[in-house]
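Engineer: Right, I'll just put the structure down here and ask away after.
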Amino acid sequence: MTTLLEHTQVELLTLSGPEFRRVSTAPPRPPTTDEIPIIDLASIDKDLAARKSLASKVRAAAESTGFFYIKNHGISEELIQNALSQAKAFFDQPIEKKQLASSKIQKNADGWHGLGTTQVNKTETRDRKETFSLRYNAKNDPTVSDPDKLSGDNDFAWETTSHLPGFHETTIEFYQRRLTLARKMIRIFALALEMPEDYFDTVTTNPGADGLYVHYPATPADAVEENNGDVDVGIGSHTDIQCVTLLWQDMSGGLQVLSASDEWLDARPIAGTLVVNIGDFLQRLSNNRFKSTVHRVYNRQPTSRYSMPFFLGFNPDSVCRVVPSCIDETHPALYEPISCGKVSHIPF
Ligand SMILES: O=C(O)CCC(=O)C(=O)O
Ligand SMILES: [Fe+2]
């Protein structure tokens with residue numbers, strides 16, 4: 001068999017425009033612990049030396065596959081399970097109820113995005129998922145001292161979900177915890193880039209920050225068989241556009257990550273962890289040192305899969321350039337400065 005038969009090509013929509021990637025057609029394999037390591041965040045609130053040691057582990061992961069798991073991340077299992085119950089309650093509603101919260105009629109494109117409304121990869125099928133998403137709103141930012149004084153122009157109309165007890169409160173609390181954790185992680189990334197840890201602080205005060213609930217409907221067993229296993233993608237092959245993604249996934253499996261050797265790796269669920277990956281923006285700022293890695297989701301099981309991703313970017317009005325520590329005589333800046341507001345196509 002020639003190499004041509006063993007590989008296919010996917011076209012990706014990245015921050016720098018369309019890109020083509022060679023992909024092995026072999027079934028996904030488990031990653032080694034170096035390919036997708038588990039990093040313990042227990043020391044993230046300790047002294048600078050502890051955070052630098054953490055940053056060196058994050059650097060190693062960021063420079064290889066660009067994906068890692070975090071444990072002891074500080075978001076309680078109770079809150080995660082409450083958020084999951086709320087996500088299920090929302091998606092279990094009749095379509096007319098979900099339509100009240102539709103992103104098409106809500107402010108800020110927040111809310112429900114129905115099944116099949118996205119296709120993140122045009123060389124694959126439409127995505128088979130539905131989403132509830134919230135963009136950054138300063139009112140929900142725990143670091144904003146007087147949120148009640150802010151105008152409510154962009155608020156999601158929470159009355160459209162008021163029949164779901166606790167939905168609003170839990171969704172906001174989970175969003176806030178993830179925003180706080182994502183900001184801590186961006187400080188670790190600053191250290192990992194050998195910069196002062198507050199290097200990104202001024203560009204993450206009102207960041208692009210999207211908190212999602214995602215539901216991938218069940219795939220009936222006969223659909224898998226009839227199509228010879230070639231069923232629709234849950235979410236097609238893509239890279240995340242922003243800086244860093246924090247992902248909670250249920251125990252269904254189905255998240256696949258493209259390795260440096262062009263093979264699909266099973267980023268299997270590990271209880272008590274979140275998956276972290278780097279987006280195009282951080283790859284760009286790091287002059288390609290940190291990898292924004294291709295991934296996709298297949299839900300091939302007869303039950304629903306749920307996940308809850310959180311994407312952190314920078315303030316939309318800031319302009320970011322390649323960080324100085326990633327440039328030297330042999331590594332000139334590969335990218336021009338870019339306005340962070342350009343980063344808009346999140347795969348809802
Ligand atoms: O649902 C997942 O596990 C991953 C989703 C994802 O990659 C995305 O929303 O960008
Ligand atoms: Fe993604």
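By convention here, the chains of the structure tokens are called A, B, ... in the order presented, each chain's residues are numbered starting at 1, and ligands are numbered starting at 1 in the order presented.
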Could you give me, as a Markdown table, a per-residue list for chain A showing, wherever an atom lies at most 10 Å from an atom of ligand 2, the closest pair of atoms and their distance in Å to one decimal, using only C-alpha atoms and all ligand atoms and sorting by chain then residue number from low to high?

Structural biologist:
| residue | atom | partner | partner_atom_place_in_ligand_line | distance |
| --- | --- | --- | --- | --- |
| A:Val120 | CA | ligand 2 | 1 (Fe) | 9.5 |
| A:Ile235 | CA | ligand 2 | 1 (Fe) | 8.0 |
| A:Gly236 | CA | ligand 2 | 1 (Fe) | 8.9 |
| A:Ser237 | CA | ligand 2 | 1 (Fe) | 8.3 |
| A:His238 | CA | ligand 2 | 1 (Fe) | 6.4 |
| A:Thr239 | CA | ligand 2 | 1 (Fe) | 5.9 |
| A:Asp240 | CA | ligand 2 | 1 (Fe) | 4.9 |
| A:Ile241 | CA | ligand 2 | 1 (Fe) | 8.4 |
| A:Gln242 | CA | ligand 2 | 1 (Fe) | 9.9 |
| A:Thr245 | CA | ligand 2 | 1 (Fe) | 7.6 |
| A:Leu246 | CA | ligand 2 | 1 (Fe) | 9.7 |
| A:Leu247 | CA | ligand 2 | 1 (Fe) | 8.8 |
| A:Leu255 | CA | ligand 2 | 1 (Fe) | 9.4 |
| A:Val257 | CA | ligand 2 | 1 (Fe) | 9.7 |
| A:Asn277 | CA | ligand 2 | 1 (Fe) | 8.4 |
| A:Ile278 | CA | ligand 2 | 1 (Fe) | 9.6 |
| A:Gly279 | CA | ligand 2 | 1 (Fe) | 8.5 |
| A:Ser292 | CA | ligand 2 | 1 (Fe) | 10.0 |
| A:Thr293 | CA | ligand 2 | 1 (Fe) | 9.0 |
| A:Val294 | CA | ligand 2 | 1 (Fe) | 8.0 |
| A:His295 | CA | ligand 2 | 1 (Fe) | 6.3 |
| A:Arg296 | CA | ligand 2 | 1 (Fe) | 6.9 |
| A:Val297 | CA | ligand 2 | 1 (Fe) | 8.6 |
| A:Pro309 | CA | ligand 2 | 1 (Fe) | 8.0 |
| A:Phe310 | CA | ligand 2 | 1 (Fe) | 9.7 |
| A:Phe311 | CA | ligand 2 | 1 (Fe) | 8.9 |
| A:Ile346 | CA | ligand 2 | 1 (Fe) | 8.7 |
| A:Pro347 | CA | ligand 2 | 1 (Fe) | 7.3 |
| A:Phe348 | CA | ligand 2 | 1 (Fe) | 9.6 |

Engineer: Based on the backbone DSSP call, show me all residues of segment 53-302 of chain A assigned strand (DSSP E or B), as a CSV table (one decimal) with all heavy atoms, in the first residue's frame.

Structural biologist:
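As written to disk, part.csv reads:
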chain,number,residue,atom,x,y,z
A,67,PHE,N,-2.2,19.7,23.7
A,67,PHE,CA,-3.4,19.3,24.5
A,67,PHE,C,-2.9,18.7,25.8
A,67,PHE,O,-1.9,18.0,25.8
A,67,PHE,CB,-4.1,18.2,23.7
A,67,PHE,CG,-5.4,18.6,23.0
A,67,PHE,CD1,-5.2,19.3,21.8
A,67,PHE,CD2,-6.6,18.4,23.5
A,67,PHE,CE1,-6.3,19.7,21.1
A,67,PHE,CE2,-7.8,18.8,22.8
A,67,PHE,CZ,-7.6,19.5,21.6
A,68,PHE,N,-3.5,19.0,26.9
A,68,PHE,CA,-3.2,18.3,28.1
A,68,PHE,C,-4.5,18.3,29.0
A,68,PHE,O,-5.4,19.0,28.8
A,68,PHE,CB,-2.0,18.9,28.8
A,68,PHE,CG,-2.1,20.4,29.1
A,68,PHE,CD1,-2.5,20.9,30.3
A,68,PHE,CD2,-1.7,21.3,28.1
A,68,PHE,CE1,-2.6,22.2,30.6
A,68,PHE,CE2,-1.7,22.7,28.3
A,68,PHE,CZ,-2.2,23.1,29.6
A,69,TYR,N,-4.4,17.4,30.0
A,69,TYR,CA,-5.5,17.3,31.0
A,69,TYR,C,-5.0,18.1,32.2
A,69,TYR,O,-3.8,18.1,32.5
A,69,TYR,CB,-5.8,15.9,31.4
A,69,TYR,CG,-6.2,14.9,30.4
A,69,TYR,CD1,-5.3,14.1,29.7
A,69,TYR,CD2,-7.6,14.8,30.1
A,69,TYR,CE1,-5.7,13.2,28.7
A,69,TYR,CE2,-8.0,13.9,29.1
A,69,TYR,CZ,-7.1,13.1,28.4
A,69,TYR,OH,-7.5,12.2,27.5
A,70,ILE,N,-6.0,18.7,32.9
A,70,ILE,CA,-5.6,19.3,34.2
A,70,ILE,C,-6.5,18.7,35.3
A,70,ILE,O,-7.6,18.4,35.1
A,70,ILE,CB,-5.8,20.9,34.3
A,70,ILE,CG1,-7.2,21.3,33.8
A,70,ILE,CG2,-4.7,21.5,33.5
A,70,ILE,CD1,-7.4,22.8,33.9
A,71,LYS,N,-5.8,18.4,36.5
A,71,LYS,CA,-6.6,17.9,37.6
A,71,LYS,C,-6.3,18.8,38.8
A,71,LYS,O,-5.4,19.6,38.7
A,71,LYS,CB,-6.2,16.4,38.0
A,71,LYS,CG,-4.8,16.2,38.4
A,71,LYS,CD,-4.6,14.8,38.8
A,71,LYS,CE,-3.2,14.6,39.4
A,71,LYS,NZ,-2.9,13.2,39.7
A,102,SER,N,-33.3,31.2,21.4
A,102,SER,CA,-32.5,31.1,20.2
A,102,SER,C,-31.5,32.2,20.1
A,102,SER,O,-31.9,33.4,20.2
A,102,SER,CB,-33.4,31.0,19.0
A,102,SER,OG,-32.6,31.1,17.9
A,111,GLY,N,-27.2,32.2,23.6
A,111,GLY,CA,-28.3,31.3,23.6
A,111,GLY,C,-28.2,30.0,22.8
A,111,GLY,O,-27.1,29.5,22.7
A,112,TRP,N,-29.3,29.5,22.3
A,112,TRP,CA,-29.4,28.2,21.7
A,112,TRP,C,-29.0,28.3,20.2
A,112,TRP,O,-29.6,29.1,19.5
A,112,TRP,CB,-30.8,27.7,21.9
A,112,TRP,CG,-31.0,26.3,21.3
A,112,TRP,CD1,-30.4,25.1,21.7
A,112,TRP,CD2,-32.0,25.9,20.3
A,112,TRP,NE1,-30.9,24.1,20.9
A,112,TRP,CE2,-31.9,24.6,20.1
A,112,TRP,CE3,-32.9,26.7,19.6
A,112,TRP,CZ2,-32.7,23.9,19.2
A,112,TRP,CZ3,-33.7,26.0,18.7
A,112,TRP,CH2,-33.6,24.6,18.5
A,113,HIS,N,-28.2,27.3,19.8
A,113,HIS,CA,-27.9,27.1,18.4
A,113,HIS,C,-28.3,25.7,18.1
A,113,HIS,O,-27.8,24.8,18.7
A,113,HIS,CB,-26.4,27.3,18.2
A,113,HIS,CG,-25.8,28.6,18.8
A,113,HIS,ND1,-25.4,29.7,18.0
A,113,HIS,CD2,-25.6,28.9,20.1
A,113,HIS,CE1,-25.0,30.6,18.8
A,113,HIS,NE2,-25.1,30.2,20.1
A,130,GLU,N,-26.1,20.4,19.3
A,130,GLU,CA,-26.8,21.7,19.6
A,130,GLU,C,-26.0,22.3,20.8
A,130,GLU,O,-25.4,21.6,21.6
A,130,GLU,CB,-28.3,21.4,19.9
A,130,GLU,CG,-28.5,20.5,21.0
A,130,GLU,CD,-30.0,20.3,21.3
A,130,GLU,OE1,-30.8,21.2,21.0
A,130,GLU,OE2,-30.3,19.2,21.8
A,131,THR,N,-26.1,23.6,20.9
A,131,THR,CA,-25.3,24.3,21.8
A,131,THR,C,-26.1,25.4,22.6
A,131,THR,O,-27.0,26.0,22.0
A,131,THR,CB,-24.2,25.0,21.0
A,131,THR,OG1,-23.4,24.0,20.4
A,131,THR,CG2,-23.2,25.8,21.9
A,132,PHE,N,-25.8,25.6,23.8
A,132,PHE,CA,-26.2,26.8,24.5
A,132,PHE,C,-24.9,27.6,24.9
A,132,PHE,O,-24.0,27.0,25.5
A,132,PHE,CB,-27.0,26.5,25.8
A,132,PHE,CG,-27.4,27.8,26.5
A,132,PHE,CD1,-28.6,28.4,26.2
A,132,PHE,CD2,-26.6,28.3,27.5
A,132,PHE,CE1,-29.0,29.5,26.9
A,132,PHE,CE2,-27.0,29.5,28.1
A,132,PHE,CZ,-28.2,30.1,27.8
A,133,SER,N,-24.8,28.9,24.4
A,133,SER,CA,-23.5,29.6,24.6
A,133,SER,C,-23.8,31.0,25.2
A,133,SER,O,-24.8,31.6,25.0
A,133,SER,CB,-22.8,29.7,23.3
A,133,SER,OG,-23.5,30.5,22.4
A,134,LEU,N,-22.8,31.4,26.0
A,134,LEU,CA,-22.8,32.8,26.5
A,134,LEU,C,-21.5,33.4,26.2
A,134,LEU,O,-20.4,32.9,26.5
A,134,LEU,CB,-22.9,32.7,28.1
A,134,LEU,CG,-24.3,32.5,28.7
A,134,LEU,CD1,-24.1,32.7,30.2
A,134,LEU,CD2,-25.3,33.6,28.2
A,209,ALA,N,-14.7,35.6,25.7
A,209,ALA,CA,-14.7,34.5,26.6
A,209,ALA,C,-16.1,33.8,26.5
A,209,ALA,O,-17.1,34.4,26.9
A,209,ALA,CB,-14.5,34.9,28.0
A,210,ASP,N,-16.1,32.7,25.9
A,210,ASP,CA,-17.4,32.0,25.6
A,210,ASP,C,-17.5,30.7,26.4
A,210,ASP,O,-16.7,29.9,26.4
A,210,ASP,CB,-17.4,31.7,24.1
A,210,ASP,CG,-17.2,32.9,23.2
A,210,ASP,OD1,-18.2,33.6,23.1
A,210,ASP,OD2,-16.1,33.1,22.7
A,211,GLY,N,-18.7,30.7,27.1
A,211,GLY,CA,-19.0,29.5,27.9
A,211,GLY,C,-20.1,28.7,27.2
A,211,GLY,O,-21.1,29.3,26.9
A,212,LEU,N,-19.9,27.4,27.0
A,212,LEU,CA,-20.9,26.6,26.3
A,212,LEU,C,-21.3,25.4,27.0
A,212,LEU,O,-20.6,24.8,27.8
A,212,LEU,CB,-20.2,26.1,25.0
A,212,LEU,CG,-20.2,27.0,23.7
A,212,LEU,CD1,-19.4,28.3,24.0
A,212,LEU,CD2,-19.6,26.3,22.5
A,213,TYR,N,-22.6,25.0,26.7
A,213,TYR,CA,-23.1,23.6,26.9
A,213,TYR,C,-23.3,23.0,25.6
A,213,TYR,O,-23.9,23.7,24.7
A,213,TYR,CB,-24.4,23.6,27.6
A,213,TYR,CG,-24.5,24.2,29.0
A,213,TYR,CD1,-25.7,24.9,29.4
A,213,TYR,CD2,-23.5,24.1,29.9
A,213,TYR,CE1,-25.8,25.4,30.7
A,213,TYR,CE2,-23.6,24.6,31.2
A,213,TYR,CZ,-24.7,25.3,31.6
A,213,TYR,OH,-24.8,25.8,32.9
A,214,VAL,N,-22.8,21.8,25.4
A,214,VAL,CA,-23.0,21.2,24.0
A,214,VAL,C,-23.6,19.8,24.2
A,214,VAL,O,-23.2,19.0,25.1
A,214,VAL,CB,-21.6,21.0,23.3
A,214,VAL,CG1,-21.9,20.6,21.8
A,214,VAL,CG2,-20.8,22.3,23.3
A,215,HIS,N,-24.6,19.5,23.3
A,215,HIS,CA,-25.2,18.2,23.3
A,215,HIS,C,-25.0,17.6,21.9
A,215,HIS,O,-25.4,18.1,20.9
A,215,HIS,CB,-26.7,18.4,23.6
A,215,HIS,CG,-27.5,17.2,23.4
A,215,HIS,ND1,-28.8,17.2,22.8
A,215,HIS,CD2,-27.3,15.8,23.7
A,215,HIS,CE1,-29.2,15.9,22.7
A,215,HIS,NE2,-28.4,15.1,23.3
A,216,TYR,N,-24.4,16.4,21.9
A,216,TYR,CA,-24.3,15.6,20.7
A,216,TYR,C,-25.3,14.5,20.8
A,216,TYR,O,-25.2,13.6,21.7
A,216,TYR,CB,-22.9,15.0,20.6
A,216,TYR,CG,-21.7,16.0,20.6
A,216,TYR,CD1,-21.2,16.5,21.8
A,216,TYR,CD2,-21.2,16.4,19.4
A,216,TYR,CE1,-20.2,17.4,21.7
A,216,TYR,CE2,-20.2,17.4,19.3
A,216,TYR,CZ,-19.7,17.9,20.5
A,216,TYR,OH,-18.7,18.8,20.5
A,235,ILE,N,-18.6,17.3,15.8
A,235,ILE,CA,-18.0,18.6,15.4
A,235,ILE,C,-16.8,18.2,14.5
A,235,ILE,O,-16.0,17.4,14.9
A,235,ILE,CB,-17.7,19.5,16.6
A,235,ILE,CG1,-17.1,20.8,16.1
A,235,ILE,CG2,-16.7,18.9,17.5
A,235,ILE,CD1,-17.0,21.9,17.1
A,236,GLY,N,-16.8,18.8,13.3
A,236,GLY,CA,-15.7,18.5,12.3
A,236,GLY,C,-14.3,18.9,12.8
A,236,GLY,O,-14.1,19.6,13.7
A,237,SER,N,-13.4,18.4,12.0
A,237,SER,CA,-11.9,18.7,12.3
A,237,SER,C,-11.7,20.2,12.3
A,237,SER,O,-12.0,20.9,11.3
A,237,SER,CB,-11.0,18.1,11.2
A,237,SER,OG,-11.3,16.7,11.1
A,238,HIS,N,-11.1,20.7,13.3
A,238,HIS,CA,-10.9,22.2,13.4
A,238,HIS,C,-9.8,22.5,14.4
A,238,HIS,O,-9.5,21.6,15.2
A,238,HIS,CB,-12.2,22.9,13.8
A,238,HIS,CG,-12.6,22.6,15.2
A,238,HIS,ND1,-13.2,21.4,15.6
A,238,HIS,CD2,-12.5,23.3,16.4
A,238,HIS,CE1,-13.5,21.4,16.9
A,238,HIS,NE2,-13.0,22.5,17.4
A,244,VAL,N,-7.0,29.9,24.6
A,244,VAL,CA,-6.9,28.7,25.4
A,244,VAL,C,-8.4,28.2,25.6
A,244,VAL,O,-9.3,29.0,25.8
A,244,VAL,CB,-6.2,28.9,26.7
A,244,VAL,CG1,-6.7,30.0,27.5
A,244,VAL,CG2,-6.1,27.6,27.5
A,245,THR,N,-8.5,26.9,25.5
A,245,THR,CA,-9.8,26.2,25.7
A,245,THR,C,-9.8,25.4,27.0
A,245,THR,O,-8.8,24.6,27.1
A,245,THR,CB,-10.2,25.4,24.5
A,245,THR,OG1,-10.2,26.2,23.3
A,245,THR,CG2,-11.6,24.7,24.6
A,246,LEU,N,-10.8,25.4,27.8
A,246,LEU,CA,-10.9,24.5,28.9
A,246,LEU,C,-12.2,23.7,28.6
A,246,LEU,O,-13.2,24.2,28.4
A,246,LEU,CB,-11.2,25.3,30.2
A,246,LEU,CG,-10.2,26.4,30.6
A,246,LEU,CD1,-10.7,27.0,32.0
A,246,LEU,CD2,-8.8,25.9,30.8
A,247,LEU,N,-12.0,22.4,28.6
A,247,LEU,CA,-13.2,21.5,28.2
A,247,LEU,C,-13.5,20.5,29.2
A,247,LEU,O,-12.6,19.7,29.6
A,247,LEU,CB,-12.8,20.8,26.9
A,247,LEU,CG,-13.7,19.7,26.4
A,247,LEU,CD1,-15.0,20.3,25.8
A,247,LEU,CD2,-13.1,18.8,25.5
A,248,TRP,N,-14.7,20.5,29.7
A,248,TRP,CA,-15.2,19.4,30.4
A,248,TRP,C,-16.0,18.5,29.4
A,248,TRP,O,-16.8,18.9,28.7
A,248,TRP,CB,-16.2,19.8,31.6
A,248,TRP,CG,-16.7,18.6,32.4
A,248,TRP,CD1,-16.1,18.1,33.5
A,248,TRP,CD2,-17.8,17.8,32.1
A,248,TRP,NE1,-16.8,17.0,33.9
A,248,TRP,CE2,-17.9,16.8,33.1
A,248,TRP,CE3,-18.8,17.8,31.1
A,248,TRP,CZ2,-18.9,15.8,33.1
A,248,TRP,CZ3,-19.8,16.8,31.1
A,248,TRP,CH2,-19.8,15.9,32.1
A,249,GLN,N,-15.7,17.2,29.5
A,249,GLN,CA,-16.4,16.2,28.6
A,249,GLN,C,-17.0,15.1,29.5
A,249,GLN,O,-16.4,14.7,30.5
A,249,GLN,CB,-15.5,15.6,27.6
A,249,GLN,CG,-14.3,14.9,28.1
A,249,GLN,CD,-13.5,14.2,27.0
A,249,GLN,OE1,-14.0,13.7,26.0
A,249,GLN,NE2,-12.2,14.1,27.1
A,255,LEU,N,-13.8,12.4,21.6
A,255,LEU,CA,-12.9,13.6,21.3
A,255,LEU,C,-11.6,13.0,20.7
A,255,LEU,O,-10.9,12.2,21.3
A,255,LEU,CB,-12.6,14.4,22.5
A,255,LEU,CG,-11.6,15.5,22.4
A,255,LEU,CD1,-12.1,16.6,21.4
A,255,LEU,CD2,-11.3,16.2,23.7
A,256,GLN,N,-11.2,13.5,19.5
A,256,GLN,CA,-10.0,13.0,18.9
A,256,GLN,C,-9.1,14.1,18.5
A,256,GLN,O,-9.6,15.2,18.1
A,256,GLN,CB,-10.4,12.2,17.6
A,256,GLN,CG,-11.3,11.0,17.8
A,256,GLN,CD,-11.8,10.4,16.6
A,256,GLN,OE1,-11.5,10.8,15.5
A,256,GLN,NE2,-12.7,9.4,16.7
A,257,VAL,N,-7.8,13.9,18.7
A,257,VAL,CA,-6.8,15.0,18.6
A,257,VAL,C,-5.7,14.5,17.6
A,257,VAL,O,-5.3,13.4,17.7
A,257,VAL,CB,-6.2,15.2,20.0
A,257,VAL,CG1,-5.0,16.1,19.9
A,257,VAL,CG2,-7.2,15.7,21.0
A,258,LEU,N,-5.4,15.4,16.7
A,258,LEU,CA,-4.4,15.0,15.6
A,258,LEU,C,-3.0,15.1,16.2
A,258,LEU,O,-2.6,16.2,16.6
A,258,LEU,CB,-4.6,15.9,14.4
A,258,LEU,CG,-4.0,15.4,13.1
A,258,LEU,CD1,-4.5,14.1,12.7
A,258,LEU,CD2,-4.2,16.4,12.0
A,264,TRP,N,-4.8,10.2,14.5
A,264,TRP,CA,-5.8,10.6,15.5
A,264,TRP,C,-5.6,9.9,16.8
A,264,TRP,O,-5.3,8.7,16.8
A,264,TRP,CB,-7.2,10.2,15.0
A,264,TRP,CG,-7.7,11.1,13.8
A,264,TRP,CD1,-7.9,10.7,12.5
A,264,TRP,CD2,-8.1,12.5,13.9
A,264,TRP,NE1,-8.4,11.8,11.8
A,264,TRP,CE2,-8.5,12.9,12.6
A,264,TRP,CE3,-8.1,13.4,14.9
A,264,TRP,CZ2,-8.9,14.2,12.3
A,264,TRP,CZ3,-8.5,14.7,14.6
A,264,TRP,CH2,-8.9,15.1,13.3
A,265,LEU,N,-5.6,10.7,17.8
A,265,LEU,CA,-5.4,10.2,19.2
A,265,LEU,C,-6.8,10.3,19.9
A,265,LEU,O,-7.5,11.3,19.8
A,265,LEU,CB,-4.4,11.0,20.0
A,265,LEU,CG,-3.0,11.2,19.4
A,265,LEU,CD1,-2.2,12.2,20.3
A,265,LEU,CD2,-2.3,9.8,19.3
A,266,ASP,N,-7.1,9.3,20.7
A,266,ASP,CA,-8.4,9.3,21.5
A,266,ASP,C,-8.1,10.2,22.8
A,266,ASP,O,-7.3,9.7,23.6
A,266,ASP,CB,-8.7,7.9,22.0
A,266,ASP,CG,-9.8,7.4,21.1
A,266,ASP,OD1,-10.7,8.1,20.7
A,266,ASP,OD2,-9.8,6.1,20.8
A,274,LEU,N,-10.1,18.3,33.4
A,274,LEU,CA,-10.6,19.1,32.2
A,274,LEU,C,-9.5,19.0,31.2
A,274,LEU,O,-8.3,18.8,31.5
A,274,LEU,CB,-10.7,20.6,32.6
A,274,LEU,CG,-11.7,21.0,33.7
A,274,LEU,CD1,-11.6,22.5,34.0
A,274,LEU,CD2,-13.1,20.6,33.4
A,275,VAL,N,-9.9,19.1,29.9
A,275,VAL,CA,-8.9,19.1,28.8
A,275,VAL,C,-8.6,20.5,28.5
A,275,VAL,O,-9.5,21.4,28.5
A,275,VAL,CB,-9.5,18.4,27.6
A,275,VAL,CG1,-8.6,18.5,26.4
A,275,VAL,CG2,-9.9,16.9,27.9
A,276,VAL,N,-7.3,20.8,28.4
A,276,VAL,CA,-6.9,22.2,28.0
A,276,VAL,C,-6.2,22.1,26.6
A,276,VAL,O,-5.4,21.2,26.4
A,276,VAL,CB,-5.9,22.8,29.0
A,276,VAL,CG1,-5.4,24.2,28.6
A,276,VAL,CG2,-6.5,22.8,30.4
A,277,ASN,N,-6.6,23.0,25.7
A,277,ASN,CA,-5.8,23.1,24.5
A,277,ASN,C,-5.6,24.5,24.0
A,277,ASN,O,-6.3,25.4,24.5
A,277,ASN,CB,-6.5,22.2,23.4
A,277,ASN,CG,-7.9,22.7,23.0
A,277,ASN,OD1,-8.8,22.5,23.6
A,277,ASN,ND2,-7.9,23.4,21.8
A,278,ILE,N,-4.6,24.6,23.2
A,278,ILE,CA,-4.2,26.0,22.7
A,278,ILE,C,-4.9,26.3,21.4
A,278,ILE,O,-5.1,25.4,20.6
A,278,ILE,CB,-2.7,25.9,22.5
A,278,ILE,CG1,-2.0,25.9,23.9
A,278,ILE,CG2,-2.1,27.0,21.7
A,278,ILE,CD1,-0.8,25.1,24.0
A,292,SER,N,-1.5,25.0,18.2
A,292,SER,CA,-3.0,24.9,18.1
A,292,SER,C,-3.4,23.7,17.3
A,292,SER,O,-3.1,23.6,16.1
A,292,SER,CB,-3.5,26.2,17.4
A,292,SER,OG,-4.9,26.1,17.2
A,295,HIS,N,-8.6,19.0,16.1
A,295,HIS,CA,-9.3,18.0,16.9
A,295,HIS,C,-10.8,17.9,16.3
A,295,HIS,O,-11.2,18.8,15.5
A,295,HIS,CB,-9.4,18.3,18.4
A,295,HIS,CG,-9.8,19.7,18.7
A,295,HIS,ND1,-9.1,20.8,18.5
A,295,HIS,CD2,-11.0,20.1,19.2
A,295,HIS,CE1,-9.7,21.9,18.9
A,295,HIS,NE2,-10.9,21.5,19.3
A,296,ARG,N,-11.5,16.9,16.7
A,296,ARG,CA,-12.9,16.7,16.2
A,296,ARG,C,-13.6,15.8,17.2
A,296,ARG,O,-13.0,15.3,18.1
A,296,ARG,CB,-12.9,16.1,14.8
A,296,ARG,CG,-12.4,14.6,14.9
A,296,ARG,CD,-12.3,14.0,13.5
A,296,ARG,NE,-11.9,12.6,13.6
A,296,ARG,CZ,-11.7,11.8,12.6
A,296,ARG,NH1,-11.9,12.2,11.3
A,296,ARG,NH2,-11.3,10.6,12.7
A,297,VAL,N,-14.9,15.7,17.1
A,297,VAL,CA,-15.7,14.9,18.0
A,297,VAL,C,-16.6,14.0,17.1
A,297,VAL,O,-17.2,14.4,16.2
A,297,VAL,CB,-16.6,15.7,19.0
A,297,VAL,CG1,-17.5,14.7,19.7
A,297,VAL,CG2,-15.7,16.5,19.9

Engineer: What does the structure give for the distance between atom CA of Glu35 of chain A and atom CA of Ser16 of chain A, in Å to one decimal?

Structural biologist: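 One can read the atom CA of Glu35 of chain A to atom CA of Ser16 of chain A distance as 25.2 Å.
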
Engineer: Which of these residues is nearest to Val319 of chain A, using only C-alpha atoms: A:Leu285, A:Leu179, A:Ala49, A:Ala221?

Structural biologist: A:Leu285

Engineer: As a VMD selection string, please: every residue in segment 23-256 of chain A that a backbone DSSP assignment puts in helix (DSSP H, G or I).

Structural biologist: chain A and resid 48 to 63 77 to 91 95 to 100 107 to 109 138 to 140 147 to 149 158 to 161 167 to 192 201 to 203 221 to 226

Engineer: Record the distance separating atom CA of Ala223 of chain A and atom CA of Asp262 of chain A, expressed in Å with one decimal.

Structural biologist: 27.5 Å

Engineer: Tell me which protein, DNA and RNA residues are within 9 Å of Lys122 of chain A, counting only C-alpha atoms, leaving out same-chain ones fewer than 2 positions away, and put them as number ranges by chain.

Structural biologist: A: 11-13, 119-120, 124-126, 236

Engineer: How would the residues just chosen look if you wrote them out with N, CA and C atoms as a PDB file, in the first residue's frame?

Structural biologist:
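File again-v8.pdb, as written:
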ATOM      1  N   GLU A  11      -9.178  20.067   5.033  1.00  0.00           N
ATOM      2  CA  GLU A  11      -8.994  21.512   4.873  1.00  0.00           C
ATOM      3  C   GLU A  11      -9.502  22.182   6.139  1.00  0.00           C
ATOM      4  N   LEU A  12      -8.707  23.046   6.695  1.00  0.00           N
ATOM      5  CA  LEU A  12      -9.068  23.697   7.958  1.00  0.00           C
ATOM      6  C   LEU A  12      -9.232  25.185   7.752  1.00  0.00           C
ATOM      7  N   LEU A  13     -10.173  25.741   8.496  1.00  0.00           N
ATOM      8  CA  LEU A  13     -10.330  27.194   8.487  1.00  0.00           C
ATOM      9  C   LEU A  13      -9.609  27.717   9.720  1.00  0.00           C
ATOM     10  N   GLN A 119     -21.144  24.045  10.563  1.00  0.00           N
ATOM     11  CA  GLN A 119     -20.287  23.088   9.848  1.00  0.00           C
ATOM     12  C   GLN A 119     -18.879  23.665   9.926  1.00  0.00           C
ATOM     13  N   VAL A 120     -18.117  23.246  10.935  1.00  0.00           N
ATOM     14  CA  VAL A 120     -16.810  23.886  11.126  1.00  0.00           C
ATOM     15  C   VAL A 120     -15.792  23.422  10.091  1.00  0.00           C
ATOM     16  N   GLU A 124     -16.048  17.982   5.604  1.00  0.00           N
ATOM     17  CA  GLU A 124     -16.742  16.916   6.336  1.00  0.00           C
ATOM     18  C   GLU A 124     -18.246  17.233   6.347  1.00  0.00           C
ATOM     19  N   THR A 125     -19.015  16.481   7.173  1.00  0.00           N
ATOM     20  CA  THR A 125     -20.467  16.720   7.191  1.00  0.00           C
ATOM     21  C   THR A 125     -20.779  17.936   8.078  1.00  0.00           C
ATOM     22  N   ARG A 126     -22.043  18.323   8.085  1.00  0.00           N
ATOM     23  CA  ARG A 126     -22.461  19.337   9.053  1.00  0.00           C
ATOM     24  C   ARG A 126     -22.266  18.768  10.454  1.00  0.00           C
ATOM     25  N   GLY A 236     -16.766  18.823  13.324  1.00  0.00           N
ATOM     26  CA  GLY A 236     -15.741  18.474  12.340  1.00  0.00           C
ATOM     27  C   GLY A 236     -14.342  18.888  12.761  1.00  0.00           C
TER      28      GLY A 236
END

Engineer: When you count only C-alpha atoms and all ligand atoms, which of these residues is closest to ligand 1: A:Thr118, A:Asn206, A:Ser339, A:Asn137?

Structural biologist: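 Of the candidates, the smallest distance to ligand 1 is held by A:Thr118.
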